[in-house]
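A.B. asks: First the structure, then my questions, so here it is.
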Protein chains: 2
Amino acid sequence: MMRIALAQTDSCVGDLAGNAAEILRHARAAADAGARLVVFPELALTGAPLPGLASRGSFRAASRAALSRLAGELTAAGLGGVGVIAGFLDQDGTGRDDAARNAAGFLTGGEVMATAFGNHPRGRFGHPGRTKLEGLAAADRLTVVRFAGVDIALTVGANLWFDDGPDALAASLGAAGAGLVVNLTATPFEWVRIDARPALLARRAAQAGAALVQVNAVGGQDELVFDGGSMVVGADGALLARAPQFEAGLWHVDLELSAAGTPRSARVSPTVDQALTDSSSASVPPAPPDPSIPPGSSALAAADPLTIGPLAPARAAGIAPRLADEAEVWGALVTGTRDYARKNGFRSVLLGMSGGIDSALVATIAADALGADAVHGVSLPSGYSSEHSKTDAEELARRLGAHFRVVPIAAMVEQFVSALGLTGLAEENVQARVRGTTLMAISNAEGHLVLATGNATELAVGYSTIYGDAVGGFAPIKDVPKTLVWSLARWRNQLAEARGETAPIPQNYIDKPPSAELRPGQLDSDSLPDYELLDAVLARYLRARATVSELVADGFDAALVARVVGLVAAAEWKRRQYPPGPDIGAFGRYRLPITNRWREV
Amino acid sequence: MMRIALAQTDSCVGDLAGNAAEILRHARAAADAGARLVVFPELALTGAPLPGLASRGSFRAASRAALSRLAGELTAAGLGGVGVIAGFLDQDGTGRDDAARNAAGFLTGGEVMATAFGNHPRGRFGHPGRTKLEGLAAADRLTVVRFAGVDIALTVGANLWFDDGPDALAASLGAAGAGLVVNLTATPFEWVRIDARPALLARRAAQAGAALVQVNAVGGQDELVFDGGSMVVGADGALLARAPQFEAGLWHVDLELSAAGTPRSARVSPTVDQALTDSSSASVPPAPPDPSIPPGSSALAAADPLTIGPLAPARAAGIAPRLADEAEVWGALVTGTRDYARKNGFRSVLLGMSGGIDSALVATIAADALGADAVHGVSLPSGYSSEHSKTDAEELARRLGAHFRVVPIAAMVEQFVSALGLTGLAEENVQARVRGTTLMAISNAEGHLVLATGNATELAVGYSTIYGDAVGGFAPIKDVPKTLVWSLARWRNQLAEARGETAPIPQNYIDKPPSAELRPGQLDSDSLPDYELLDAVLARYLRARATVSELVADGFDAALVARVVGLVAAAEWKRRQYPPGPDIGAFGRYRLPITNRWREV
């Protein structure tokens with residue numbers, strides 16, 4: 001029997017020393033819990049993804065050096081007998097022009113005992129789930145390490161997914177005679193994904209005739225969010241353990257593994273200890289966390305951005321169920337926002353509180369991510385702001401416990417309007433830009449991260465003012481369609497009520513018709529189709545890549561579809577200049593040429 | 001002998017009907033000049049590159065349909081006997097999920113007689129010169145078409161550059177027994193490129209034992225500029241013809257080609273007619289254009305954006321020399337700016353004229369691109385603007401013949417400063433953002449394209465105000481380092497003087513020390529190293545990918561290098577939100593993670 005620890009860690013890109021320290025800390029806690037083998041995510045040592053860094057020979061050399069140093073430090077810390085498997089950035093040879101490799105290192109006895117290459121990093125460092133061909137083309141042979149009497153096959157990232165030719169990986173796994181297959185991954189969260197991982201892992205385990213451990217990264221990195229949910233599967237395909245999503249930590253499992261050299265015919269299916277097979281028991285292992293409670297709600301604002309609290313002891317792994325839809329999206333948004341802020345050294349955020357649902361949701365995400373005391377809301381009323389907008393903004397801040405101030409903008413707007421003789425759209429946009437300039441000025445003076453509050457629907461059709469409401473360092477809901485904005489608001493309020501807390505978002509926000517309030521009586525519905533309809537068209541067009549004729553065949557009005565498709569193309573120039581935010585795979589990170597005369601009919 | 005026309009055209013992305021009409025028009029003019037074969041650039045029918053479009057099955061289907069229709073239209077126009085080779089977007093099969101293919105179509109007799117695939121479009125549509133591996137992995141077999149008694153081998157894009165395995169292309173070319181090799185390309189201009197094309201073409205021609213015609217696209221597309229310079233090389237490697245850079249048009253050559261079926265041993269080297277071999281003659285062919293005169297100086301402002309003037313008759317091709325450094329960069333910047341404006345339907349541009357060299361250069365580029373009457377300059381003096389800034393701005397506009405107005409911003413700035421109690425950097429940035437808001441308001445009211453005036457050096461180190469001087473739809477000099485800004489200004493003035501015109505940029509602009517003028521007496525040198533030094537470090541670090549230790553070994557001060565490297569990393573978030581502009585390969589389009597703790601030492 002071998003006790004194996006799953007170290008589901010949150011690395012910071014480029015922080016080799018900090019990430020190495022985290023690996024060491026987790027390895028120590030795992031050893032304290034009796035683990036013999038500790039498995040970390042893909043690129044745990046470097047963070048992921050690595051655009052512009054993987055191609056630097058100096059960064060690859062630093063990654064390799066940090067791995068060797070880590071091997072020594074593990075032994076110096078008395079952990080030389082433990083096997084540590086961690087992702088790092090390697091290269092084919094030693095020259096500065098050699099190709100970068102997404103690799104796993106096996107550290108034990110003070111040395112890097114083996115390395116295994118994943119698929120080509122250009123694929124992997126782009127957007128893994130969408131780069132199948134690169135993965136295929138560069139899949140590498142299987143690396144098998146004998147450790148503690150067990151042959152362990154190492155795979156990295158997406159190369160568990162792809163067969164290099166007609167089921168070459170299946171054949172390699174079958175021939176390897178491994179007692180355990182390990183896969184390191186850093187898989188970005190996608191809201192709409194049907195989770196194909198358990199079935200794939202079961203198939204691979206069966207092909208290998210061995211148990212399989214997959215450790216996934218957790219945390220946010222610019223536009224990606226890694227969602228954890230690391231898994232253990234038996235050779236018979238049974239799911240034996242799954243770590244929670246969006247939660248960094250250390251879990252262990254005990255596996256009976258075939259000894260090295262055991263003929264395949266003589267093997268029995270690996271079994272796990274009673275604690276694991278009896279995962280429904282209330283005593284051991286602990287019950288999985290309540291899936292309805294979003295992670296990351298603790299306040300980090302007072303902590304040094306990258307100082308993480310004491311590491312909890314390794315826990316025996318149960319089978320954490322996948323989170324329900326809204327809870328899962330919430331986890332991704334909170335994780336993405338929290339990590340962007342803390343990894344970039346921000347302790348507080350600033351946003352305009354317009355009285356609208358978008359800014360209310362962003363404020364609530366920020367409060368869950370960083371603590372309400374880290375959230376600074378500003379009401380920026382113009383002459384066209386309704387009375388309820390102002391009172392609603394204040395009420396939101398009060399419920400959240402966020403800081404709040406009012407900066408009337410009418411006098412500033414009037415200066416522009418009179419100096420330039422503005423009317424119509426130019427006057428509307430000046431209001432939004434005076435707000436943007438005001439937020440940036442407060443940020444400059446006080447050091448907050450400005451959050452842009454635009455949603456995926458308005459980004460898609462260009463219903464925003466560039467340099468106005470679009471200003472910011474991070475945009476938490478840029479991939480959240482408007483209809484999902486409302487669902488999340490309702491869900492978050494219900495969660496609060498279920499916890500006996502005050503619902504953070506006043507009901508009025510959810511009920512009132514959306515308006516940009518840039519002219520008297522303005523409503524979004526003056527300019528845009530009904531949001532239910534619009535989101536349905538956009539999801540089909542952008543995510544499912546439906547053609548216009550398919551949309552029309554689906555029953556959508558042809559003129560509406562043509563209008564939406566035209567708006568999407570015309571808004572590309574504004575999307576290019578929008579701040580980054582978590583890609584949850586709703587509409588995703590579609591990209592068009594700016595100069596583009598193609599209008600599908 | 002076959003007369004072959006090189007149709008060096010400027011396609012617009014997505015404008016299938018417009019591009020097809022251009023192909024038809026050029027084919028007619030070529031036939032009028034006696035050409036039997038007309039060769040167009042890579043993706044001439046669709047424009048290039050095609051992010052987000054190549055992956056749409058509906059777009060691929062439309063491209064294929066447009067090609068078939070074009071074949072019919074050519075025959076209907078009496079051109080059925082001409083062979084037309086044009087780039088288009090194809091796919092492997094007919095399903096919507098089939099892979100996109102960068103292809104050449106051979107049209108004659110009313111039909112698409114043959115198609116040839118280039119390398120995989122994901123490589124090609126990204127950034128061709130930098131995607132060698134994708135090119136390699138997907139190189140396809142050679143397509144040979146027999147036409148007018150000659151076997152013509154078709155190659156597309158970068159697949160002329162790469163051998164699929166140990167010189168497989170060379171072997172294919174050798175085995176093909178072709179009388180002519182044709183290559184369609186759309187190669188983005190790079191300032192620093194050592195032009196390896198002539199030597200490569202000579203080698204490929206020798207491998208094929210045949211003459212080679214390469215037609216390159218011309219024109220701007222978002223961040224890319226295609227520079228033309230199409231070439232003809234004899235089987236002996238001699239350069240027989242080269243079209244000018246940055247100039248759309250039609251050139252013809254007469255080549256003696258081996259008849260199909262001629263054994264390789266019996267072939268003589270292809271020869272060209274007297275007009276071409278005697279290209280130094282003053283009479284035939286016409287002298288190449290003066291390389292010191294930048295192309296694109298004609299005013300297009302009054303024309304419908306995509307209505308191109310009457311097509312000049314095909315000219316016999318001479319050997320146009322490559323443009324000298326500054327002239328070549330100028331051609332790229334003018335072409336990129338003109339095409340972004342006209343292809344997006346803008347007839348005029350707007351920019352802040354600060355009195356600084358950057359805005360002076362951008363105004364001059366815009367005047368050369370669109371005509372001075374299309375350029376609207378705005379002086380936006382604050383309380384910190386020097387007197388010479390205001391008079392210099394007016395003098396610049398006067399010399400260019402551009403529109404000019406003054407909008408003092410002190411009153412608007414004062415509203416923000418007093419309402420928010422701003423000082424220091426926050427106050428400096430508000431000035432820049434009031435200017436940005438003013439320019440956007442005028443653009444909203446009058447419909448001009450706003451040009452951002454930032455240079456590559458300040459973008460690299462973050463010496464700009466986001467939402468301030470960084471606003472705009474296009475940024476003509478975003479990849480021009482500051483030292484090159486000065487060189488270009490001097491060169492453009494000298495060109496004017498050589499032509500007997502007024503130098504557009506007042507000498508005072510070139511001589512005065514650069515300043516952002518956001519506080520009294522401020523100079524760039526207060527915050528930044530000397531620009532000569534800074535540009536040298538940035539070029540080595542960003543373009544040559546030198547390591548910090550290599551830079552120090554080169555003699556650069558270690559503290560300076562560390563500071564520059566840190567500034568580059570910290571400015572990534574601002575670069576992501578910067579407008580697009582022509583990539584001339586100076587620092588290029590480097591991209592880093594925003595969240596990034598890696599600081600090379």
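Letters A, B, ... mark the chains of the structure tokens in the order given; residue numbers begin at 1 per chain; ligand numbers begin at 1, in order shown.
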Write out as a PyMOL selection string every residue belonging to chain B that has an atom at most 7 Å from any atom of chain A, counting only C-alpha atoms.

C.D. replies: chain B and resi 13-15+50-53+56+58+221-222+340+343-344+412+415-416+425-426+430+433+437+441+444-445+467+545+547+576-579+590-598

A.B. asks: Could you tell me how far atom CA of B:Gln207 lies from atom CA of B:Leu160, in Å and to one decimal?

C.D. replies: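 Value for the atom CA of B:Gln207-atom CA of B:Leu160 distance: 11.7 Å.
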
A.B. asks: In Å, how far is it from atom CA of A:Leu560 to atom CA of A:Arg519?

C.D. replies: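 The value is 24.9 Å.
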
A.B. asks: Considering only C-alpha atoms, return as a PyMOL selection string whatever protein or nucleic-acid residues lie within 12 Å of A:Ser527, sequence-local ones (same chain, fewer than 5 positions apart) excluded.

C.D. replies: chain A and resi 458+461-464+514-516+522+534+563-564+567

A.B. asks: From stretch 354-509 of chain A, collect each residue whose DSSP state is strand (DSSP E or B) and return the set as a PyMOL selection string.

C.D. replies: chain A and resi 375-379+403-406+449-451+474

A.B. asks: Could you write out the selected residues, including all heavy atoms, as a short mmCIF file (atom, residue, chain, number, x, y, z; two decimals), in the first residue's frame?

C.D. replies:
```
data_model
loop_
_atom_site.label_atom_id
_atom_site.label_comp_id
_atom_site.auth_asym_id
_atom_site.auth_seq_id
_atom_site.Cartn_x
_atom_site.Cartn_y
_atom_site.Cartn_z
N VAL A 375 -13.20 46.62 -0.72
CA VAL A 375 -14.00 47.08 -1.86
C VAL A 375 -14.39 48.54 -1.66
O VAL A 375 -14.97 48.90 -0.62
CB VAL A 375 -15.25 46.20 -2.03
CG1 VAL A 375 -16.11 46.71 -3.19
CG2 VAL A 375 -14.85 44.74 -2.25
N HIS A 376 -14.07 49.36 -2.66
CA HIS A 376 -14.39 50.78 -2.60
C HIS A 376 -15.34 51.11 -3.76
O HIS A 376 -14.96 51.02 -4.92
CB HIS A 376 -13.13 51.64 -2.71
CG HIS A 376 -12.21 51.46 -1.54
ND1 HIS A 376 -12.04 52.41 -0.56
CD2 HIS A 376 -11.45 50.40 -1.15
CE1 HIS A 376 -11.20 51.96 0.36
NE2 HIS A 376 -10.82 50.74 0.03
N GLY A 377 -16.55 51.46 -3.43
CA GLY A 377 -17.53 51.81 -4.45
C GLY A 377 -17.67 53.31 -4.58
O GLY A 377 -17.55 54.04 -3.60
N VAL A 378 -17.90 53.76 -5.81
CA VAL A 378 -18.09 55.19 -6.05
C VAL A 378 -19.36 55.36 -6.86
O VAL A 378 -19.51 54.77 -7.93
CB VAL A 378 -16.92 55.80 -6.85
CG1 VAL A 378 -17.06 57.33 -6.87
CG2 VAL A 378 -15.58 55.39 -6.26
N SER A 379 -20.28 56.15 -6.35
CA SER A 379 -21.44 56.55 -7.13
C SER A 379 -21.07 57.81 -7.88
O SER A 379 -20.53 58.74 -7.30
CB SER A 379 -22.63 56.81 -6.20
OG SER A 379 -23.67 57.42 -6.93
N HIS A 403 -16.72 50.16 1.32
CA HIS A 403 -16.55 51.61 1.39
C HIS A 403 -17.35 52.25 0.27
O HIS A 403 -17.50 51.68 -0.80
CB HIS A 403 -15.07 51.98 1.24
CG HIS A 403 -14.20 51.35 2.28
ND1 HIS A 403 -13.94 51.93 3.49
CD2 HIS A 403 -13.56 50.15 2.29
CE1 HIS A 403 -13.17 51.13 4.20
NE2 HIS A 403 -12.92 50.03 3.50
N PHE A 404 -17.83 53.45 0.52
CA PHE A 404 -18.70 54.09 -0.45
C PHE A 404 -18.50 55.60 -0.43
O PHE A 404 -18.35 56.20 0.62
CB PHE A 404 -20.17 53.75 -0.12
CG PHE A 404 -21.15 54.31 -1.11
CD1 PHE A 404 -21.27 53.76 -2.38
CD2 PHE A 404 -21.98 55.38 -0.77
CE1 PHE A 404 -22.18 54.26 -3.30
CE2 PHE A 404 -22.89 55.90 -1.69
CZ PHE A 404 -22.99 55.33 -2.95
N ARG A 405 -18.48 56.17 -1.61
CA ARG A 405 -18.45 57.64 -1.69
C ARG A 405 -19.24 58.08 -2.93
O ARG A 405 -19.49 57.27 -3.83
CB ARG A 405 -17.02 58.16 -1.75
CG ARG A 405 -16.34 57.96 -3.08
CD ARG A 405 -14.85 58.31 -3.01
NE ARG A 405 -14.08 57.14 -2.61
CZ ARG A 405 -12.75 57.12 -2.52
NH1 ARG A 405 -12.03 58.19 -2.77
NH2 ARG A 405 -12.12 56.01 -2.17
N VAL A 406 -19.62 59.34 -2.93
CA VAL A 406 -20.37 59.91 -4.06
C VAL A 406 -19.53 61.02 -4.67
O VAL A 406 -19.05 61.90 -3.96
CB VAL A 406 -21.73 60.47 -3.60
CG1 VAL A 406 -22.49 61.06 -4.79
CG2 VAL A 406 -22.56 59.39 -2.91
N LEU A 449 -7.04 48.70 -7.35
CA LEU A 449 -7.23 48.10 -8.67
C LEU A 449 -8.63 48.47 -9.16
O LEU A 449 -9.62 48.18 -8.48
CB LEU A 449 -7.12 46.57 -8.56
CG LEU A 449 -7.53 45.74 -9.78
CD1 LEU A 449 -6.59 45.97 -10.95
CD2 LEU A 449 -7.55 44.24 -9.42
N VAL A 450 -8.72 49.11 -10.33
CA VAL A 450 -10.04 49.46 -10.86
C VAL A 450 -10.65 48.24 -11.56
O VAL A 450 -9.99 47.58 -12.37
CB VAL A 450 -9.94 50.64 -11.86
CG1 VAL A 450 -11.29 50.91 -12.51
CG2 VAL A 450 -9.44 51.89 -11.14
N LEU A 451 -11.88 47.94 -11.20
CA LEU A 451 -12.60 46.83 -11.85
C LEU A 451 -13.58 47.40 -12.88
O LEU A 451 -14.39 48.26 -12.56
CB LEU A 451 -13.37 46.01 -10.81
CG LEU A 451 -12.53 45.33 -9.73
CD1 LEU A 451 -13.45 44.56 -8.76
CD2 LEU A 451 -11.50 44.38 -10.34
N PHE A 474 -8.95 44.97 -14.42
CA PHE A 474 -9.52 43.62 -14.48
C PHE A 474 -11.02 43.76 -14.65
O PHE A 474 -11.64 44.70 -14.14
CB PHE A 474 -9.19 42.85 -13.19
CG PHE A 474 -9.30 41.35 -13.34
CD1 PHE A 474 -8.40 40.64 -14.12
CD2 PHE A 474 -10.31 40.64 -12.67
CE1 PHE A 474 -8.50 39.26 -14.25
CE2 PHE A 474 -10.41 39.26 -12.80
CZ PHE A 474 -9.50 38.56 -13.59
#
```

A.B. asks: Return the single residue from A:Val144, A:Leu200, A:Ala186, A:Val233 that is closest to A:Thr9, with distances computed using only C-alpha atoms.

C.D. replies: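 Among the listed residues, the smallest separation from A:Thr9 belongs to A:Ala186.
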
A.B. asks: Got a sec: who's within 10 Å of B:Gly249, counting only C-alpha atoms, leaving out chain neighbours fewer than 4 positions off, as a list in words?

C.D. replies: Leu6, Ala7, Gln8, Thr9, Asp10, His26, Val218, Gly228, Ala243, Pro244, Leu311, Ala312, Pro313, Ala314 and Arg315 of chain B

A.B. asks: In Å, rounded to a single decimal, give me how far atom CA of A:Arg322 is from atom CA of A:Arg242.

C.D. replies: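 Separation of atom CA of A:Arg242 and atom CA of A:Arg322: 9.0 Å.
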
A.B. asks: Write out as a list in words all residues of stretch 33-116 of chain B that DSSP puts in helix (DSSP H, G or I) for this structure's backbone.

C.D. replies: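 Here are the helix (DSSP H, G or I) residues of stretch 33-116 of chain B: Gly57, Ser58, Phe59, Arg60, Ala61, Ala62, Ser63, Arg64, Ala65, Ala66, Leu67, Ser68, Arg69, Leu70, Ala71, Gly72, Glu73, Leu74, Thr75 and Ala76 of chain B.
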
A.B. asks: Put those residues in a file: all heavy atoms, as a short mmCIF file (atom, residue, chain, number, x, y, z; two decimals), in the first residue's frame.

C.D. replies:
```
data_model
loop_
_atom_site.label_atom_id
_atom_site.label_comp_id
_atom_site.auth_asym_id
_atom_site.auth_seq_id
_atom_site.Cartn_x
_atom_site.Cartn_y
_atom_site.Cartn_z
N GLY B 57 -16.83 27.46 -40.73
CA GLY B 57 -17.19 26.69 -41.92
C GLY B 57 -17.92 27.54 -42.95
O GLY B 57 -17.73 27.38 -44.16
N SER B 58 -18.75 28.46 -42.47
CA SER B 58 -19.51 29.29 -43.41
C SER B 58 -18.59 30.20 -44.21
O SER B 58 -18.83 30.47 -45.38
CB SER B 58 -20.54 30.12 -42.65
OG SER B 58 -19.93 30.83 -41.59
N PHE B 59 -17.53 30.66 -43.58
CA PHE B 59 -16.59 31.51 -44.31
C PHE B 59 -15.80 30.70 -45.33
O PHE B 59 -15.58 31.14 -46.46
CB PHE B 59 -15.65 32.24 -43.34
CG PHE B 59 -14.75 33.23 -44.03
CD1 PHE B 59 -15.27 34.42 -44.52
CD2 PHE B 59 -13.41 32.97 -44.21
CE1 PHE B 59 -14.45 35.34 -45.18
CE2 PHE B 59 -12.58 33.88 -44.87
CZ PHE B 59 -13.10 35.06 -45.35
N ARG B 60 -15.41 29.50 -44.91
CA ARG B 60 -14.68 28.66 -45.87
C ARG B 60 -15.56 28.32 -47.07
O ARG B 60 -15.12 28.34 -48.21
CB ARG B 60 -14.20 27.38 -45.17
CG ARG B 60 -13.19 27.64 -44.05
CD ARG B 60 -12.46 26.39 -43.64
NE ARG B 60 -13.33 25.39 -43.05
CZ ARG B 60 -13.63 25.28 -41.76
NH1 ARG B 60 -13.14 26.15 -40.90
NH2 ARG B 60 -14.42 24.32 -41.33
N ALA B 61 -16.83 28.02 -46.78
CA ALA B 61 -17.75 27.69 -47.88
C ALA B 61 -17.93 28.89 -48.80
O ALA B 61 -17.96 28.76 -50.03
CB ALA B 61 -19.09 27.24 -47.31
N ALA B 62 -18.02 30.08 -48.19
CA ALA B 62 -18.19 31.28 -49.01
C ALA B 62 -16.96 31.54 -49.87
O ALA B 62 -17.07 31.96 -51.03
CB ALA B 62 -18.47 32.48 -48.11
N SER B 63 -15.78 31.28 -49.31
CA SER B 63 -14.55 31.46 -50.08
C SER B 63 -14.50 30.50 -51.26
O SER B 63 -14.18 30.89 -52.39
CB SER B 63 -13.35 31.25 -49.15
OG SER B 63 -12.15 31.13 -49.90
N ARG B 64 -14.86 29.26 -51.02
CA ARG B 64 -14.86 28.26 -52.10
C ARG B 64 -15.87 28.63 -53.18
O ARG B 64 -15.59 28.52 -54.38
CB ARG B 64 -15.17 26.88 -51.53
CG ARG B 64 -14.05 26.30 -50.68
CD ARG B 64 -14.55 25.25 -49.70
NE ARG B 64 -15.15 24.10 -50.35
CZ ARG B 64 -14.57 22.89 -50.46
NH1 ARG B 64 -13.34 22.72 -49.99
NH2 ARG B 64 -15.19 21.91 -51.03
N ALA B 65 -17.04 29.07 -52.74
CA ALA B 65 -18.07 29.43 -53.70
C ALA B 65 -17.65 30.65 -54.52
O ALA B 65 -17.87 30.71 -55.73
CB ALA B 65 -19.39 29.71 -52.96
N ALA B 66 -17.00 31.61 -53.84
CA ALA B 66 -16.56 32.81 -54.56
C ALA B 66 -15.51 32.46 -55.60
O ALA B 66 -15.47 33.06 -56.68
CB ALA B 66 -16.02 33.84 -53.56
N LEU B 67 -14.68 31.49 -55.29
CA LEU B 67 -13.65 31.09 -56.27
C LEU B 67 -14.29 30.46 -57.50
O LEU B 67 -13.92 30.78 -58.65
CB LEU B 67 -12.66 30.11 -55.63
CG LEU B 67 -11.42 29.85 -56.49
CD1 LEU B 67 -10.42 31.00 -56.35
CD2 LEU B 67 -10.74 28.52 -56.13
N SER B 68 -15.25 29.58 -57.28
CA SER B 68 -15.94 28.95 -58.42
C SER B 68 -16.65 30.00 -59.27
O SER B 68 -16.61 29.96 -60.50
CB SER B 68 -16.99 27.94 -57.92
OG SER B 68 -16.34 26.88 -57.29
N ARG B 69 -17.32 30.92 -58.58
CA ARG B 69 -18.04 31.98 -59.29
C ARG B 69 -17.06 32.82 -60.11
O ARG B 69 -17.33 33.17 -61.26
CB ARG B 69 -18.79 32.84 -58.27
CG ARG B 69 -19.97 33.59 -58.82
CD ARG B 69 -20.93 34.05 -57.70
NE ARG B 69 -20.23 34.63 -56.57
CZ ARG B 69 -20.30 34.18 -55.32
NH1 ARG B 69 -21.05 33.13 -55.02
NH2 ARG B 69 -19.64 34.78 -54.35
N LEU B 70 -15.94 33.10 -59.51
CA LEU B 70 -14.92 33.90 -60.20
C LEU B 70 -14.45 33.19 -61.47
O LEU B 70 -14.25 33.83 -62.51
CB LEU B 70 -13.74 34.15 -59.25
CG LEU B 70 -12.52 34.86 -59.82
CD1 LEU B 70 -12.88 36.26 -60.33
CD2 LEU B 70 -11.42 34.97 -58.77
N ALA B 71 -14.27 31.88 -61.40
CA ALA B 71 -13.85 31.13 -62.58
C ALA B 71 -14.84 31.32 -63.71
O ALA B 71 -14.46 31.54 -64.88
CB ALA B 71 -13.69 29.65 -62.23
N GLY B 72 -16.12 31.27 -63.37
CA GLY B 72 -17.16 31.48 -64.37
C GLY B 72 -17.15 32.90 -64.92
O GLY B 72 -17.28 33.12 -66.14
N GLU B 73 -16.97 33.86 -64.02
CA GLU B 73 -16.98 35.26 -64.45
C GLU B 73 -15.79 35.58 -65.36
O GLU B 73 -15.91 36.39 -66.29
CB GLU B 73 -16.94 36.18 -63.22
CG GLU B 73 -18.28 36.20 -62.48
CD GLU B 73 -18.18 36.84 -61.09
OE1 GLU B 73 -17.05 37.19 -60.67
OE2 GLU B 73 -19.22 36.96 -60.43
N LEU B 74 -14.66 34.95 -65.09
CA LEU B 74 -13.49 35.17 -65.95
C LEU B 74 -13.81 34.72 -67.37
O LEU B 74 -13.50 35.41 -68.35
CB LEU B 74 -12.29 34.38 -65.40
CG LEU B 74 -11.61 34.99 -64.16
CD1 LEU B 74 -10.73 33.96 -63.46
CD2 LEU B 74 -10.77 36.21 -64.57
N THR B 75 -14.44 33.55 -67.49
CA THR B 75 -14.77 33.03 -68.82
C THR B 75 -15.84 33.90 -69.48
O THR B 75 -15.76 34.23 -70.67
CB THR B 75 -15.23 31.58 -68.69
OG1 THR B 75 -14.12 30.81 -68.23
CG2 THR B 75 -15.69 31.03 -70.04
N ALA B 76 -16.83 34.31 -68.67
CA ALA B 76 -17.89 35.18 -69.22
C ALA B 76 -17.30 36.49 -69.73
O ALA B 76 -17.83 37.10 -70.66
CB ALA B 76 -18.94 35.44 -68.15
#
```

A.B. asks: At a cut-off of 6 Å, using only C-alpha atoms, what residues contact A:Asp151? Leave out same-chain residues fewer than 6 positions from it and give the result as a PyMOL selection string.

C.D. replies: chain A and resi 145+178-179+260

A.B. asks: Counting only C-alpha atoms, figure out which residue out of A:Leu250, A:Thr185, A:Asp530, A:Gly110 gets nearest to A:Ala31.

C.D. replies: A:Leu250
